[in-house]
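Below is one structure, written out as C-alpha coordinates; the observations come after it.
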Amino acid sequence: MKLSARNVLKGKVISIKAGPVSTIVEIEVAKGVVLSSVITSPSAKNLKLKKGKEAYAIIKSSNIIVGVD
(Lines give C-alpha, C1' and ligand atoms only; values in the text may rest on other atoms or scores of the structure.)
Protein backbone atom coordinates (compact mmCIF):
# COMPACT_ATOMS: atom_id res chain seq x y z
CA MET A 1 0.00 0.00 0.00
CA LYS A 2 1.55 3.31 -1.09
CA LEU A 3 0.02 6.59 0.02
CA SER A 4 0.86 10.26 -0.07
CA ALA A 5 -0.14 10.62 3.58
CA ARG A 6 2.84 10.80 5.95
CA ASN A 7 1.11 9.68 9.13
CA VAL A 8 0.23 5.98 8.90
CA LEU A 9 -0.33 4.22 12.23
CA LYS A 10 -0.81 0.45 12.34
CA GLY A 11 -3.11 -0.90 15.01
CA LYS A 12 -6.01 -3.20 15.82
CA VAL A 13 -9.71 -2.55 15.50
CA ILE A 14 -11.17 -2.54 19.00
CA SER A 15 -14.69 -1.30 18.27
CA ILE A 16 -17.09 -0.97 15.34
CA LYS A 17 -20.38 0.87 15.73
CA ALA A 18 -22.26 0.39 12.47
CA GLY A 19 -25.17 2.56 11.43
CA PRO A 20 -27.24 2.69 8.25
CA VAL A 21 -25.11 5.44 6.69
CA SER A 22 -21.90 5.73 8.70
CA THR A 23 -19.77 3.52 10.92
CA ILE A 24 -17.52 4.55 13.80
CA VAL A 25 -14.28 2.57 13.84
CA GLU A 26 -11.90 2.68 16.81
CA ILE A 27 -8.30 1.57 16.27
CA GLU A 28 -5.82 1.10 19.11
CA VAL A 29 -2.47 2.23 17.68
CA ALA A 30 -0.50 1.87 20.95
CA LYS A 31 -1.40 0.61 24.40
CA GLY A 32 -4.11 2.97 25.62
CA VAL A 33 -4.00 5.15 22.48
CA VAL A 34 -7.23 4.85 20.50
CA LEU A 35 -8.14 6.76 17.35
CA SER A 36 -11.72 6.98 16.10
CA SER A 37 -12.85 7.50 12.54
CA VAL A 38 -16.28 7.87 10.97
CA ILE A 39 -16.44 6.17 7.58
CA THR A 40 -19.34 5.20 5.36
CA SER A 41 -20.99 1.89 6.21
CA PRO A 42 -20.40 0.56 2.67
CA SER A 43 -16.67 1.33 3.08
CA ALA A 44 -16.55 -0.50 6.42
CA LYS A 45 -18.22 -3.51 4.81
CA ASN A 46 -15.86 -3.36 1.80
CA LEU A 47 -12.81 -3.32 4.13
CA LYS A 48 -14.25 -6.34 5.98
CA LEU A 49 -13.53 -4.67 9.30
CA LYS A 50 -13.99 -6.72 12.44
CA LYS A 51 -12.86 -6.47 16.03
CA GLY A 52 -9.27 -7.67 16.44
CA LYS A 53 -8.33 -7.17 12.77
CA GLU A 54 -5.19 -5.18 12.00
CA ALA A 55 -5.86 -1.88 10.25
CA TYR A 56 -4.15 1.41 9.60
CA ALA A 57 -5.16 4.85 10.80
CA ILE A 58 -4.06 7.11 7.96
CA ILE A 59 -4.00 10.76 8.95
CA LYS A 60 -4.02 13.45 6.26
CA SER A 61 -4.77 16.98 7.39
CA SER A 62 -7.76 16.80 9.74
CA ASN A 63 -9.07 13.40 8.56
CA ILE A 64 -8.30 9.89 9.68
CA ILE A 65 -8.70 7.37 6.86
CA VAL A 66 -8.90 3.62 7.57
CA GLY A 67 -7.00 1.11 5.44
CA VAL A 68 -6.19 -2.60 5.47
CA ASP A 69 -3.76 -4.87 3.58
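Every chain in the C-alpha coordinates takes a letter, A first, then B, and so on in the order presented; its residues are numbered from 1, and the ligands are numbered from 1 following the presented order.
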Taking the backbone alone, and naming residues the way the document does, which bits of chain A are strand (DSSP E) by DSSP, as a PyMOL selection string?
chain A and resi 7-18+22-30+33-40+54-60+63-67
Counting only C-alpha atoms, what is within 9 Å of segment 23-32 of chain A, bar same-chain residues fewer than 2 positions away, as a PyMOL selection string?
chain A and resi 9-21+34-44+49+54-57+66
Expected file: the selected residues, N, CA and C atoms, as a PDB file, in the first residue's frame:
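Final output, saved to selection-v3.pdb:
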ATOM      1  N   LEU A   9      -0.494   4.909  10.947  1.00  0.00           N
ATOM      2  CA  LEU A   9      -0.327   4.216  12.226  1.00  0.00           C
ATOM      3  C   LEU A   9      -1.022   2.863  12.169  1.00  0.00           C
ATOM      4  N   LYS A  10      -0.252   1.800  12.346  1.00  0.00           N
ATOM      5  CA  LYS A  10      -0.809   0.452  12.338  1.00  0.00           C
ATOM      6  C   LYS A  10      -1.372   0.139  13.713  1.00  0.00           C
ATOM      7  N   GLY A  11      -2.507  -0.531  13.742  1.00  0.00           N
ATOM      8  CA  GLY A  11      -3.110  -0.897  15.008  1.00  0.00           C
ATOM      9  C   GLY A  11      -4.119  -2.006  14.835  1.00  0.00           C
ATOM     10  N   LYS A  12      -4.955  -2.174  15.856  1.00  0.00           N
ATOM     11  CA  LYS A  12      -6.006  -3.196  15.820  1.00  0.00           C
ATOM     12  C   LYS A  12      -7.347  -2.549  16.054  1.00  0.00           C
ATOM     13  N   VAL A  13      -8.339  -3.030  15.320  1.00  0.00           N
ATOM     14  CA  VAL A  13      -9.710  -2.551  15.497  1.00  0.00           C
ATOM     15  C   VAL A  13     -10.203  -3.052  16.850  1.00  0.00           C
ATOM     16  N   ILE A  14     -10.669  -2.129  17.684  1.00  0.00           N
ATOM     17  CA  ILE A  14     -11.173  -2.542  19.002  1.00  0.00           C
ATOM     18  C   ILE A  14     -12.681  -2.337  19.126  1.00  0.00           C
ATOM     19  N   SER A  15     -13.256  -1.552  18.196  1.00  0.00           N
ATOM     20  CA  SER A  15     -14.692  -1.295  18.271  1.00  0.00           C
ATOM     21  C   SER A  15     -15.215  -0.876  16.905  1.00  0.00           C
ATOM     22  N   ILE A  16     -16.395  -1.376  16.571  1.00  0.00           N
ATOM     23  CA  ILE A  16     -17.088  -0.974  15.344  1.00  0.00           C
ATOM     24  C   ILE A  16     -18.531  -0.706  15.726  1.00  0.00           C
ATOM     25  N   LYS A  17     -18.984   0.507  15.458  1.00  0.00           N
ATOM     26  CA  LYS A  17     -20.377   0.869  15.734  1.00  0.00           C
ATOM     27  C   LYS A  17     -21.026   1.225  14.405  1.00  0.00           C
ATOM     28  N   ALA A  18     -21.687   0.231  13.803  1.00  0.00           N
ATOM     29  CA  ALA A  18     -22.264   0.394  12.468  1.00  0.00           C
ATOM     30  C   ALA A  18     -23.644   1.028  12.519  1.00  0.00           C
ATOM     31  N   GLY A  19     -23.868   1.944  11.606  1.00  0.00           N
ATOM     32  CA  GLY A  19     -25.169   2.561  11.426  1.00  0.00           C
ATOM     33  C   GLY A  19     -25.592   2.388   9.980  1.00  0.00           C
ATOM     34  N   PRO A  20     -26.766   2.860   9.627  1.00  0.00           N
ATOM     35  CA  PRO A  20     -27.244   2.686   8.254  1.00  0.00           C
ATOM     36  C   PRO A  20     -26.432   3.471   7.217  1.00  0.00           C
ATOM     37  N   VAL A  21     -25.847   4.586   7.627  1.00  0.00           N
ATOM     38  CA  VAL A  21     -25.108   5.436   6.687  1.00  0.00           C
ATOM     39  C   VAL A  21     -23.627   5.483   7.020  1.00  0.00           C
ATOM     40  N   VAL A  34      -6.170   5.263  21.416  1.00  0.00           N
ATOM     41  CA  VAL A  34      -7.232   4.850  20.502  1.00  0.00           C
ATOM     42  C   VAL A  34      -7.617   6.023  19.614  1.00  0.00           C
ATOM     43  N   LEU A  35      -7.681   5.763  18.309  1.00  0.00           N
ATOM     44  CA  LEU A  35      -8.138   6.758  17.348  1.00  0.00           C
ATOM     45  C   LEU A  35      -9.489   6.317  16.805  1.00  0.00           C
ATOM     46  N   SER A  36     -10.392   7.262  16.630  1.00  0.00           N
ATOM     47  CA  SER A  36     -11.721   6.979  16.100  1.00  0.00           C
ATOM     48  C   SER A  36     -11.874   7.642  14.747  1.00  0.00           C
ATOM     49  N   SER A  37     -12.573   6.958  13.857  1.00  0.00           N
ATOM     50  CA  SER A  37     -12.850   7.497  12.539  1.00  0.00           C
ATOM     51  C   SER A  37     -14.278   7.161  12.151  1.00  0.00           C
ATOM     52  N   VAL A  38     -14.945   8.103  11.507  1.00  0.00           N
ATOM     53  CA  VAL A  38     -16.280   7.868  10.972  1.00  0.00           C
ATOM     54  C   VAL A  38     -16.125   7.673   9.470  1.00  0.00           C
ATOM     55  N   ILE A  39     -16.506   6.480   9.003  1.00  0.00           N
ATOM     56  CA  ILE A  39     -16.439   6.169   7.578  1.00  0.00           C
ATOM     57  C   ILE A  39     -17.824   5.720   7.119  1.00  0.00           C
ATOM     58  N   THR A  40     -18.034   5.655   5.834  1.00  0.00           N
ATOM     59  CA  THR A  40     -19.341   5.196   5.356  1.00  0.00           C
ATOM     60  C   THR A  40     -19.501   3.711   5.682  1.00  0.00           C
ATOM     61  N   SER A  41     -20.725   3.294   5.917  1.00  0.00           N
ATOM     62  CA  SER A  41     -20.986   1.890   6.212  1.00  0.00           C
ATOM     63  C   SER A  41     -20.611   0.981   5.044  1.00  0.00           C
ATOM     64  N   PRO A  42     -20.867   1.400   3.774  1.00  0.00           N
ATOM     65  CA  PRO A  42     -20.399   0.555   2.669  1.00  0.00           C
ATOM     66  C   PRO A  42     -18.874   0.392   2.655  1.00  0.00           C
ATOM     67  N   SER A  43     -18.127   1.436   3.020  1.00  0.00           N
ATOM     68  CA  SER A  43     -16.668   1.325   3.081  1.00  0.00           C
ATOM     69  C   SER A  43     -16.243   0.358   4.170  1.00  0.00           C
ATOM     70  N   ALA A  44     -16.879   0.419   5.320  1.00  0.00           N
ATOM     71  CA  ALA A  44     -16.555  -0.498   6.417  1.00  0.00           C
ATOM     72  C   ALA A  44     -16.799  -1.944   5.990  1.00  0.00           C
ATOM     73  N   LEU A  49     -14.017  -4.984   7.962  1.00  0.00           N
ATOM     74  CA  LEU A  49     -13.533  -4.668   9.300  1.00  0.00           C
ATOM     75  C   LEU A  49     -14.225  -5.542  10.333  1.00  0.00           C
ATOM     76  N   GLU A  54      -6.156  -6.259  12.153  1.00  0.00           N
ATOM     77  CA  GLU A  54      -5.187  -5.183  11.998  1.00  0.00           C
ATOM     78  C   GLU A  54      -5.686  -4.210  10.944  1.00  0.00           C
ATOM     79  N   ALA A  55      -5.454  -2.940  11.178  1.00  0.00           N
ATOM     80  CA  ALA A  55      -5.862  -1.885  10.248  1.00  0.00           C
ATOM     81  C   ALA A  55      -4.915  -0.711  10.435  1.00  0.00           C
ATOM     82  N   TYR A  56      -4.989   0.217   9.542  1.00  0.00           N
ATOM     83  CA  TYR A  56      -4.152   1.413   9.597  1.00  0.00           C
ATOM     84  C   TYR A  56      -5.017   2.646   9.799  1.00  0.00           C
ATOM     85  N   ALA A  57      -4.570   3.523  10.671  1.00  0.00           N
ATOM     86  CA  ALA A  57      -5.162   4.853  10.798  1.00  0.00           C
ATOM     87  C   ALA A  57      -4.269   5.760   9.956  1.00  0.00           C
ATOM     88  N   VAL A  66      -9.183   4.993   7.154  1.00  0.00           N
ATOM     89  CA  VAL A  66      -8.905   3.623   7.574  1.00  0.00           C
ATOM     90  C   VAL A  66      -8.503   2.797   6.372  1.00  0.00           C
TER      91      VAL A  66
END
Nearest to Met1 of chain A by atom-to-atom distance, counting only C-alpha atoms, from A:Val68, A:Val33, A:Gly52, A:Lys45:
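Smallest separation from Met1 of chain A among the options: A:Val68.
A straight line drawn from atom CA of Ala5 of chain A to atom CA of Lys48 of chain A is 22.2 Å long.
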